[in-house]
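A.B. asks: Below you will find the structure I want to go over with you.
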Amino acid sequence: MVRALVLPSPLLPALAYAELADALTRAGWSARVAAADLGEGEGAGDLVQRWAGEVGLSDVLVAHSNAGYLAPLVRETTGLDVPLVAMDAALPPAEGRYALAPPALRDMLAALADADGLLPPWTRWWPSGALDDVVPADRLAELDAACPRLPVAYVDETFEAPKGWATRPSAYLAFGQTYAEEIEAARSWDWPVRVLEGAHLHHLHAPDEVAAAVVALATPFVPPG
């Protein structure tokens, strides 16, 4: 049985990925969601170390959104060539240093942070109604209540892209064109790419469709049996 470790966006609670894990299980895999809770004073580097310790015997990493920046570092830290499916995710460059937010987003976040440097929950970053098609209406209150509040300094930490990371077994699953640049980068790196029509949290709307796409993209990289 294929064992998947879902790397969640640190900006979202683990409950945002429960349906996906269940759907991957229905698809015949074993799936669990990595812990993303950051303690006081912890940053993305701490999360990389924690997730690397959770990879264990996992056969596939599934990284969503901002976790895409960290997944190659997690794989490098483990020393294991675990296949990666980046799911509507940001990606590091093929080489060089990078931060965890592009400059325009970083400026927006700086304006949102409170006097203590804390960001509001991710669900409150956007204008009223902006999430109508992103989060199912009956899940918004639950998601809003559970979203962590990260310090804006989280996105200022920089990392060096692991050497040759983009040539290792990887695939890209997009929900619409939000990450158009990443889609093109993945194609330029000869990754398998699939685009589903949907918004950024499409796995909340159609978990079985998303799980089937993840399985299809990862299967060529996973040894039989």
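Identifiers in this document derive from the order of the structure tokens: chains are assigned A, B, ..., residues are numbered from 1 separately in each chain, and ligands are numbered from 1 in order of occurrence.
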Residues near range 191-199 of chain A, anyone? I mean within 7 Å using only C-alpha atoms, not counting same-chain ones fewer than 3 positions away, as a PDB file with all heavy atoms, in the first residue's frame.

C.D. replies:
```pdb
ATOM      1  N   ASP A 133     -16.006  31.173  -3.586  1.00  0.00           N
ATOM      2  CA  ASP A 133     -15.786  30.023  -4.454  1.00  0.00           C
ATOM      3  C   ASP A 133     -14.616  29.157  -3.996  1.00  0.00           C
ATOM      4  O   ASP A 133     -14.346  28.111  -4.592  1.00  0.00           O
ATOM      5  CB  ASP A 133     -15.522  30.483  -5.895  1.00  0.00           C
ATOM      6  CG  ASP A 133     -16.732  31.163  -6.516  1.00  0.00           C
ATOM      7  OD1 ASP A 133     -17.867  30.786  -6.152  1.00  0.00           O
ATOM      8  OD2 ASP A 133     -16.540  32.074  -7.341  1.00  0.00           O
ATOM      9  N   VAL A 134     -13.926  29.589  -2.955  1.00  0.00           N
ATOM     10  CA  VAL A 134     -12.730  28.880  -2.497  1.00  0.00           C
ATOM     11  C   VAL A 134     -13.054  27.914  -1.364  1.00  0.00           C
ATOM     12  O   VAL A 134     -12.621  26.755  -1.368  1.00  0.00           O
ATOM     13  CB  VAL A 134     -11.651  29.886  -2.046  1.00  0.00           C
ATOM     14  CG1 VAL A 134     -10.411  29.155  -1.537  1.00  0.00           C
ATOM     15  CG2 VAL A 134     -11.289  30.818  -3.188  1.00  0.00           C
ATOM     16  N   SER A 170       8.884  14.273  -9.382  1.00  0.00           N
ATOM     17  CA  SER A 170       7.912  15.287  -8.967  1.00  0.00           C
ATOM     18  C   SER A 170       6.820  15.428 -10.016  1.00  0.00           C
ATOM     19  O   SER A 170       7.032  15.132 -11.199  1.00  0.00           O
ATOM     20  CB  SER A 170       8.588  16.647  -8.771  1.00  0.00           C
ATOM     21  OG  SER A 170       9.675  16.589  -7.861  1.00  0.00           O
ATOM     22  N   ALA A 171       5.665  15.907  -9.571  1.00  0.00           N
ATOM     23  CA  ALA A 171       4.541  16.196 -10.460  1.00  0.00           C
ATOM     24  C   ALA A 171       3.803  17.401  -9.911  1.00  0.00           C
ATOM     25  O   ALA A 171       3.962  17.766  -8.736  1.00  0.00           O
ATOM     26  CB  ALA A 171       3.605  14.997 -10.558  1.00  0.00           C
ATOM     27  N   TYR A 172       2.990  18.042 -10.769  1.00  0.00           N
ATOM     28  CA  TYR A 172       2.252  19.243 -10.344  1.00  0.00           C
ATOM     29  C   TYR A 172       0.773  19.080 -10.645  1.00  0.00           C
ATOM     30  O   TYR A 172       0.387  18.751 -11.770  1.00  0.00           O
ATOM     31  CB  TYR A 172       2.771  20.495 -11.059  1.00  0.00           C
ATOM     32  CG  TYR A 172       2.370  21.768 -10.350  1.00  0.00           C
ATOM     33  CD1 TYR A 172       3.184  22.323  -9.379  1.00  0.00           C
ATOM     34  CD2 TYR A 172       1.153  22.393 -10.616  1.00  0.00           C
ATOM     35  CE1 TYR A 172       2.812  23.474  -8.695  1.00  0.00           C
ATOM     36  CE2 TYR A 172       0.766  23.536  -9.932  1.00  0.00           C
ATOM     37  CZ  TYR A 172       1.599  24.071  -8.972  1.00  0.00           C
ATOM     38  OH  TYR A 172       1.230  25.197  -8.278  1.00  0.00           O
ATOM     39  N   LEU A 173      -0.040  19.311  -9.604  1.00  0.00           N
ATOM     40  CA  LEU A 173      -1.498  19.300  -9.736  1.00  0.00           C
ATOM     41  C   LEU A 173      -2.002  20.699  -9.432  1.00  0.00           C
ATOM     42  O   LEU A 173      -1.844  21.195  -8.315  1.00  0.00           O
ATOM     43  CB  LEU A 173      -2.117  18.287  -8.766  1.00  0.00           C
ATOM     44  CG  LEU A 173      -3.645  18.269  -8.696  1.00  0.00           C
ATOM     45  CD1 LEU A 173      -4.252  17.913 -10.051  1.00  0.00           C
ATOM     46  CD2 LEU A 173      -4.127  17.297  -7.621  1.00  0.00           C
ATOM     47  N   ALA A 174      -2.599  21.331 -10.425  1.00  0.00           N
ATOM     48  CA  ALA A 174      -3.091  22.702 -10.263  1.00  0.00           C
ATOM     49  C   ALA A 174      -4.607  22.718 -10.172  1.00  0.00           C
ATOM     50  O   ALA A 174      -5.291  21.872 -10.760  1.00  0.00           O
ATOM     51  CB  ALA A 174      -2.640  23.570 -11.427  1.00  0.00           C
ATOM     52  N   PHE A 175      -5.111  23.702  -9.438  1.00  0.00           N
ATOM     53  CA  PHE A 175      -6.542  23.983  -9.402  1.00  0.00           C
ATOM     54  C   PHE A 175      -6.744  25.314 -10.116  1.00  0.00           C
ATOM     55  O   PHE A 175      -6.544  26.382  -9.534  1.00  0.00           O
ATOM     56  CB  PHE A 175      -7.044  24.067  -7.959  1.00  0.00           C
ATOM     57  CG  PHE A 175      -6.753  22.851  -7.121  1.00  0.00           C
ATOM     58  CD1 PHE A 175      -6.510  22.963  -5.759  1.00  0.00           C
ATOM     59  CD2 PHE A 175      -6.707  21.585  -7.689  1.00  0.00           C
ATOM     60  CE1 PHE A 175      -6.249  21.847  -4.974  1.00  0.00           C
ATOM     61  CE2 PHE A 175      -6.437  20.462  -6.923  1.00  0.00           C
ATOM     62  CZ  PHE A 175      -6.201  20.593  -5.556  1.00  0.00           C
ATOM     63  N   GLY A 176      -7.108  25.263 -11.385  1.00  0.00           N
ATOM     64  CA  GLY A 176      -7.217  26.486 -12.154  1.00  0.00           C
ATOM     65  C   GLY A 176      -5.846  27.067 -12.457  1.00  0.00           C
ATOM     66  O   GLY A 176      -4.846  26.356 -12.497  1.00  0.00           O
ATOM     67  N   ALA A 186       6.895  23.817 -13.900  1.00  0.00           N
ATOM     68  CA  ALA A 186       6.831  22.356 -13.813  1.00  0.00           C
ATOM     69  C   ALA A 186       6.924  21.721 -15.195  1.00  0.00           C
ATOM     70  O   ALA A 186       7.623  20.718 -15.394  1.00  0.00           O
ATOM     71  CB  ALA A 186       5.545  21.938 -13.106  1.00  0.00           C
ATOM     72  N   ARG A 187       6.247  22.306 -16.152  1.00  0.00           N
ATOM     73  CA  ARG A 187       6.307  21.773 -17.518  1.00  0.00           C
ATOM     74  C   ARG A 187       7.713  21.918 -18.098  1.00  0.00           C
ATOM     75  O   ARG A 187       8.203  21.017 -18.785  1.00  0.00           O
ATOM     76  CB  ARG A 187       5.277  22.473 -18.401  1.00  0.00           C
ATOM     77  CG  ARG A 187       3.848  22.031 -18.106  1.00  0.00           C
ATOM     78  CD  ARG A 187       2.824  22.793 -18.928  1.00  0.00           C
ATOM     79  NE  ARG A 187       1.489  22.215 -18.766  1.00  0.00           N
ATOM     80  CZ  ARG A 187       0.363  22.901 -18.840  1.00  0.00           C
ATOM     81  NH1 ARG A 187       0.390  24.217 -19.076  1.00  0.00           N
ATOM     82  NH2 ARG A 187      -0.800  22.294 -18.679  1.00  0.00           N
ATOM     83  N   HIS A 202      -9.730  23.325  -3.689  1.00  0.00           N
ATOM     84  CA  HIS A 202     -10.610  22.412  -4.433  1.00  0.00           C
ATOM     85  C   HIS A 202     -10.718  21.066  -3.739  1.00  0.00           C
ATOM     86  O   HIS A 202     -11.737  20.376  -3.884  1.00  0.00           O
ATOM     87  CB  HIS A 202     -10.080  22.236  -5.853  1.00  0.00           C
ATOM     88  CG  HIS A 202     -11.008  21.501  -6.766  1.00  0.00           C
ATOM     89  ND1 HIS A 202     -12.318  21.892  -6.976  1.00  0.00           N
ATOM     90  CD2 HIS A 202     -10.828  20.375  -7.522  1.00  0.00           C
ATOM     91  CE1 HIS A 202     -12.903  21.053  -7.822  1.00  0.00           C
ATOM     92  NE2 HIS A 202     -12.015  20.127  -8.162  1.00  0.00           N
ATOM     93  N   LEU A 217      -0.963  10.985 -10.866  1.00  0.00           N
ATOM     94  CA  LEU A 217       0.312  11.673 -11.088  1.00  0.00           C
ATOM     95  C   LEU A 217       1.480  10.972 -10.402  1.00  0.00           C
ATOM     96  O   LEU A 217       2.605  10.953 -10.934  1.00  0.00           O
ATOM     97  CB  LEU A 217       0.224  13.121 -10.593  1.00  0.00           C
ATOM     98  CG  LEU A 217      -0.609  14.078 -11.449  1.00  0.00           C
ATOM     99  CD1 LEU A 217      -0.867  15.371 -10.689  1.00  0.00           C
ATOM    100  CD2 LEU A 217       0.103  14.383 -12.774  1.00  0.00           C
TER     101      LEU A 217
END
```

A.B. asks: Give me, as CSV, each residue of range 33-79 of chain A that comes within 7 Å of range 143-162 of chain A, together with its shortest interatomic pair and the distance in Å at one decimal, counting only C-alpha atoms, with rows ordered by chain and rising residue number.

C.D. replies:
```
residue,atom,partner,partner_atom,distance
A:Gly43,CA,A:Tyr154,CA,5.8
A:Ala44,CA,A:Tyr154,CA,6.7
A:Pro72,CA,A:Pro162,CA,6.8
A:Leu73,CA,A:Pro162,CA,6.6
A:Glu76,CA,A:Pro162,CA,6.7
```

A.B. asks: Record the distance separating CA of Thr123 in chain A and CA of Ala18 in chain A, expressed in Å with one decimal.

C.D. replies: 17.9 Å

A.B. asks: As a PyMOL selection string, list the residues of chain A assigned to strand (DSSP E) by DSSP on the backbone atoms of this structure.

C.D. replies: chain A and resi 3-7+30-33+60-65+84-89+97-99+158-160+170-175+193-196

A.B. asks: Filtering to N, CA and C atoms, could you give me those residues as an mmCIF file, in the first residue's frame?

C.D. replies:
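out-v4.cif, written as the output of this step:
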```cif
data_model
loop_
_atom_site.group_PDB
_atom_site.id
_atom_site.type_symbol
_atom_site.label_atom_id
_atom_site.label_comp_id
_atom_site.auth_asym_id
_atom_site.auth_seq_id
_atom_site.Cartn_x
_atom_site.Cartn_y
_atom_site.Cartn_z
ATOM 1 N N ARG A 3 2.002 4.862 0.883
ATOM 2 C CA ARG A 3 1.844 5.682 2.081
ATOM 3 C C ARG A 3 2.138 7.139 1.738
ATOM 4 N N ALA A 4 1.142 7.988 1.891
ATOM 5 C CA ALA A 4 1.276 9.404 1.540
ATOM 6 C C ALA A 4 1.348 10.257 2.800
ATOM 7 N N LEU A 5 2.230 11.245 2.770
ATOM 8 C CA LEU A 5 2.295 12.245 3.829
ATOM 9 C C LEU A 5 1.886 13.574 3.217
ATOM 10 N N VAL A 6 0.783 14.126 3.684
ATOM 11 C CA VAL A 6 0.285 15.404 3.193
ATOM 12 C C VAL A 6 0.940 16.526 3.994
ATOM 13 N N LEU A 7 1.646 17.413 3.294
ATOM 14 C CA LEU A 7 2.262 18.580 3.933
ATOM 15 C C LEU A 7 1.311 19.750 3.765
ATOM 16 N N SER A 30 -2.608 4.744 1.996
ATOM 17 C CA SER A 30 -2.614 5.119 3.401
ATOM 18 C C SER A 30 -2.138 6.562 3.461
ATOM 19 N N ALA A 31 -2.889 7.438 4.122
ATOM 20 C CA ALA A 31 -2.547 8.861 4.095
ATOM 21 C C ALA A 31 -2.690 9.478 5.481
ATOM 22 N N ARG A 32 -1.780 10.392 5.785
ATOM 23 C CA ARG A 32 -1.887 11.164 7.025
ATOM 24 C C ARG A 32 -1.405 12.577 6.757
ATOM 25 N N VAL A 33 -1.831 13.493 7.616
ATOM 26 C CA VAL A 33 -1.504 14.912 7.470
ATOM 27 C C VAL A 33 -0.410 15.262 8.468
ATOM 28 N N VAL A 60 5.151 8.868 -0.797
ATOM 29 C CA VAL A 60 4.825 10.060 -1.585
ATOM 30 C C VAL A 60 4.601 11.240 -0.641
ATOM 31 N N LEU A 61 5.110 12.409 -1.025
ATOM 32 C CA LEU A 61 4.779 13.658 -0.342
ATOM 33 C C LEU A 61 3.775 14.417 -1.195
ATOM 34 N N VAL A 62 2.739 14.933 -0.550
ATOM 35 C CA VAL A 62 1.743 15.760 -1.230
ATOM 36 C C VAL A 62 1.754 17.111 -0.532
ATOM 37 N N ALA A 63 2.257 18.141 -1.221
ATOM 38 C CA ALA A 63 2.440 19.456 -0.594
ATOM 39 C C ALA A 63 1.488 20.470 -1.206
ATOM 40 N N HIS A 64 0.733 21.162 -0.355
ATOM 41 C CA HIS A 64 -0.249 22.138 -0.823
ATOM 42 C C HIS A 64 0.201 23.560 -0.505
ATOM 43 N N SER A 65 -0.056 24.461 -1.454
ATOM 44 C CA SER A 65 0.076 25.898 -1.241
ATOM 45 C C SER A 65 1.488 26.268 -0.766
ATOM 46 N N LEU A 84 7.331 13.677 -5.051
ATOM 47 C CA LEU A 84 6.565 14.836 -4.578
ATOM 48 C C LEU A 84 5.458 15.157 -5.567
ATOM 49 N N VAL A 85 4.239 15.326 -5.056
ATOM 50 C CA VAL A 85 3.156 15.905 -5.838
ATOM 51 C C VAL A 85 2.860 17.271 -5.226
ATOM 52 N N ALA A 86 3.192 18.328 -5.962
ATOM 53 C CA ALA A 86 2.901 19.692 -5.524
ATOM 54 C C ALA A 86 1.467 20.019 -5.946
ATOM 55 N N MET A 87 0.627 20.361 -4.987
ATOM 56 C CA MET A 87 -0.812 20.514 -5.222
ATOM 57 C C MET A 87 -1.212 21.978 -5.070
ATOM 58 N N ASP A 88 -1.439 22.651 -6.205
ATOM 59 C CA ASP A 88 -1.737 24.079 -6.211
ATOM 60 C C ASP A 88 -0.793 24.804 -5.261
ATOM 61 N N ALA A 89 0.491 24.593 -5.512
ATOM 62 C CA ALA A 89 1.526 24.994 -4.562
ATOM 63 C C ALA A 89 2.506 25.987 -5.162
ATOM 64 N N ARG A 97 18.571 31.348 -3.851
ATOM 65 C CA ARG A 97 17.846 31.633 -2.617
ATOM 66 C C ARG A 97 16.443 32.141 -2.924
ATOM 67 N N TYR A 98 15.553 31.921 -1.983
ATOM 68 C CA TYR A 98 14.171 32.361 -2.150
ATOM 69 C C TYR A 98 13.537 32.602 -0.788
ATOM 70 N N ALA A 99 12.526 33.455 -0.763
ATOM 71 C CA ALA A 99 11.735 33.716 0.440
ATOM 72 C C ALA A 99 10.396 33.009 0.313
ATOM 73 N N THR A 158 14.622 33.013 4.519
ATOM 74 C CA THR A 158 15.051 32.624 3.176
ATOM 75 C C THR A 158 15.784 31.294 3.225
ATOM 76 N N PHE A 159 15.740 30.588 2.085
ATOM 77 C CA PHE A 159 16.363 29.273 1.980
ATOM 78 C C PHE A 159 17.094 29.158 0.647
ATOM 79 N N GLU A 160 18.024 28.244 0.603
ATOM 80 C CA GLU A 160 18.712 27.900 -0.632
ATOM 81 C C GLU A 160 18.019 26.681 -1.232
ATOM 82 N N SER A 170 8.884 14.273 -9.382
ATOM 83 C CA SER A 170 7.912 15.287 -8.967
ATOM 84 C C SER A 170 6.820 15.428 -10.016
ATOM 85 N N ALA A 171 5.665 15.907 -9.571
ATOM 86 C CA ALA A 171 4.541 16.196 -10.460
ATOM 87 C C ALA A 171 3.803 17.401 -9.911
ATOM 88 N N TYR A 172 2.990 18.042 -10.769
ATOM 89 C CA TYR A 172 2.252 19.243 -10.344
ATOM 90 C C TYR A 172 0.773 19.080 -10.645
ATOM 91 N N LEU A 173 -0.040 19.311 -9.604
ATOM 92 C CA LEU A 173 -1.498 19.300 -9.736
ATOM 93 C C LEU A 173 -2.002 20.699 -9.432
ATOM 94 N N ALA A 174 -2.599 21.331 -10.425
ATOM 95 C CA ALA A 174 -3.091 22.702 -10.263
ATOM 96 C C ALA A 174 -4.607 22.718 -10.172
ATOM 97 N N PHE A 175 -5.111 23.702 -9.438
ATOM 98 C CA PHE A 175 -6.542 23.983 -9.402
ATOM 99 C C PHE A 175 -6.744 25.314 -10.116
ATOM 100 N N VAL A 193 2.025 17.158 -15.383
ATOM 101 C CA VAL A 193 1.189 18.265 -14.901
ATOM 102 C C VAL A 193 -0.263 17.961 -15.237
ATOM 103 N N ARG A 194 -1.145 18.235 -14.271
ATOM 104 C CA ARG A 194 -2.581 18.128 -14.528
ATOM 105 C C ARG A 194 -3.267 19.342 -13.920
ATOM 106 N N VAL A 195 -4.226 19.892 -14.627
ATOM 107 C CA VAL A 195 -4.968 21.063 -14.151
ATOM 108 C C VAL A 195 -6.437 20.686 -13.998
ATOM 109 N N LEU A 196 -6.951 20.809 -12.781
ATOM 110 C CA LEU A 196 -8.373 20.601 -12.513
ATOM 111 C C LEU A 196 -9.052 21.959 -12.427
#
```

A.B. asks: Between A:Glu54, A:Glu142, A:Asp208, A:Glu181, which one has atoms that come closest to Leu12 in chain A, using only C-alpha atoms?

C.D. replies: A:Glu142

A.B. asks: Quick one: distance from CA of Val55 in chain A to CA of Gly28 in chain A in Å, one decimal?

C.D. replies: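 CA of Gly28 in chain A lies 19.1 Å from CA of Val55 in chain A.
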
A.B. asks: Can you tell me, as JSON, numbers by chain, what residues are no more than 9 Å from Pro207 in chain A when counting only C-alpha atoms, ignoring any on the same chain fewer than 5 positions away?

C.D. replies: {"A": [19, 20, 21, 22, 23, 24, 202, 212]}

A.B. asks: Take the residues that were just selected and, keeping all heavy atoms, output them as an mmCIF file, in the first residue's frame.

C.D. replies:
```
data_model
loop_
_atom_site.group_PDB
_atom_site.id
_atom_site.type_symbol
_atom_site.label_atom_id
_atom_site.label_comp_id
_atom_site.auth_asym_id
_atom_site.auth_seq_id
_atom_site.Cartn_x
_atom_site.Cartn_y
_atom_site.Cartn_z
ATOM 1 N N GLU A 19 -10.430 15.667 4.685
ATOM 2 C CA GLU A 19 -11.188 15.023 3.609
ATOM 3 C C GLU A 19 -10.269 14.460 2.538
ATOM 4 O O GLU A 19 -10.530 13.390 1.978
ATOM 5 C CB GLU A 19 -12.179 16.002 2.973
ATOM 6 C CG GLU A 19 -13.352 16.378 3.864
ATOM 7 C CD GLU A 19 -13.078 17.641 4.664
ATOM 8 O OE1 GLU A 19 -11.875 17.969 4.852
ATOM 9 O OE2 GLU A 19 -14.037 18.291 5.098
ATOM 10 N N LEU A 20 -9.180 15.159 2.237
ATOM 11 C CA LEU A 20 -8.239 14.660 1.239
ATOM 12 C C LEU A 20 -7.585 13.377 1.720
ATOM 13 O O LEU A 20 -7.456 12.410 0.951
ATOM 14 C CB LEU A 20 -7.182 15.715 0.945
ATOM 15 C CG LEU A 20 -6.074 15.280 -0.022
ATOM 16 C CD1 LEU A 20 -6.654 14.931 -1.391
ATOM 17 C CD2 LEU A 20 -5.003 16.356 -0.144
ATOM 18 N N ALA A 21 -7.150 13.352 2.975
ATOM 19 C CA ALA A 21 -6.550 12.133 3.521
ATOM 20 C C ALA A 21 -7.535 10.969 3.462
ATOM 21 O O ALA A 21 -7.172 9.845 3.091
ATOM 22 C CB ALA A 21 -6.079 12.370 4.951
ATOM 23 N N ASP A 22 -8.789 11.234 3.801
ATOM 24 C CA ASP A 22 -9.804 10.177 3.737
ATOM 25 C C ASP A 22 -10.014 9.706 2.299
ATOM 26 O O ASP A 22 -10.174 8.507 2.035
ATOM 27 C CB ASP A 22 -11.137 10.681 4.310
ATOM 28 C CG ASP A 22 -11.099 10.876 5.812
ATOM 29 O OD1 ASP A 22 -10.167 10.350 6.460
ATOM 30 O OD2 ASP A 22 -11.991 11.558 6.344
ATOM 31 N N ALA A 23 -10.011 10.653 1.359
ATOM 32 C CA ALA A 23 -10.221 10.298 -0.046
ATOM 33 C C ALA A 23 -9.049 9.490 -0.587
ATOM 34 O O ALA A 23 -9.239 8.543 -1.376
ATOM 35 C CB ALA A 23 -10.420 11.560 -0.883
ATOM 36 N N LEU A 24 -7.830 9.831 -0.185
ATOM 37 C CA LEU A 24 -6.674 9.042 -0.599
ATOM 38 C C LEU A 24 -6.757 7.627 -0.039
ATOM 39 O O LEU A 24 -6.382 6.655 -0.718
ATOM 40 C CB LEU A 24 -5.375 9.718 -0.142
ATOM 41 C CG LEU A 24 -4.995 10.992 -0.898
ATOM 42 C CD1 LEU A 24 -3.861 11.726 -0.178
ATOM 43 C CD2 LEU A 24 -4.578 10.664 -2.324
ATOM 44 N N HIS A 202 -9.730 23.325 -3.689
ATOM 45 C CA HIS A 202 -10.610 22.412 -4.433
ATOM 46 C C HIS A 202 -10.718 21.066 -3.739
ATOM 47 O O HIS A 202 -11.737 20.376 -3.884
ATOM 48 C CB HIS A 202 -10.080 22.236 -5.853
ATOM 49 C CG HIS A 202 -11.008 21.501 -6.766
ATOM 50 N ND1 HIS A 202 -12.318 21.892 -6.976
ATOM 51 C CD2 HIS A 202 -10.828 20.375 -7.522
ATOM 52 C CE1 HIS A 202 -12.903 21.053 -7.822
ATOM 53 N NE2 HIS A 202 -12.015 20.127 -8.162
ATOM 54 N N ALA A 212 -7.913 11.201 -6.756
ATOM 55 C CA ALA A 212 -7.677 10.406 -7.963
ATOM 56 C C ALA A 212 -6.580 11.028 -8.823
ATOM 57 O O ALA A 212 -5.740 10.312 -9.396
ATOM 58 C CB ALA A 212 -8.969 10.276 -8.759
#
```

A.B. asks: Which residue, A:Pro13, A:Pro8, A:Gly39, A:Pro127, has the smallest gap to Tyr69 in chain A when you use only C-alpha atoms?

C.D. replies: A:Pro8
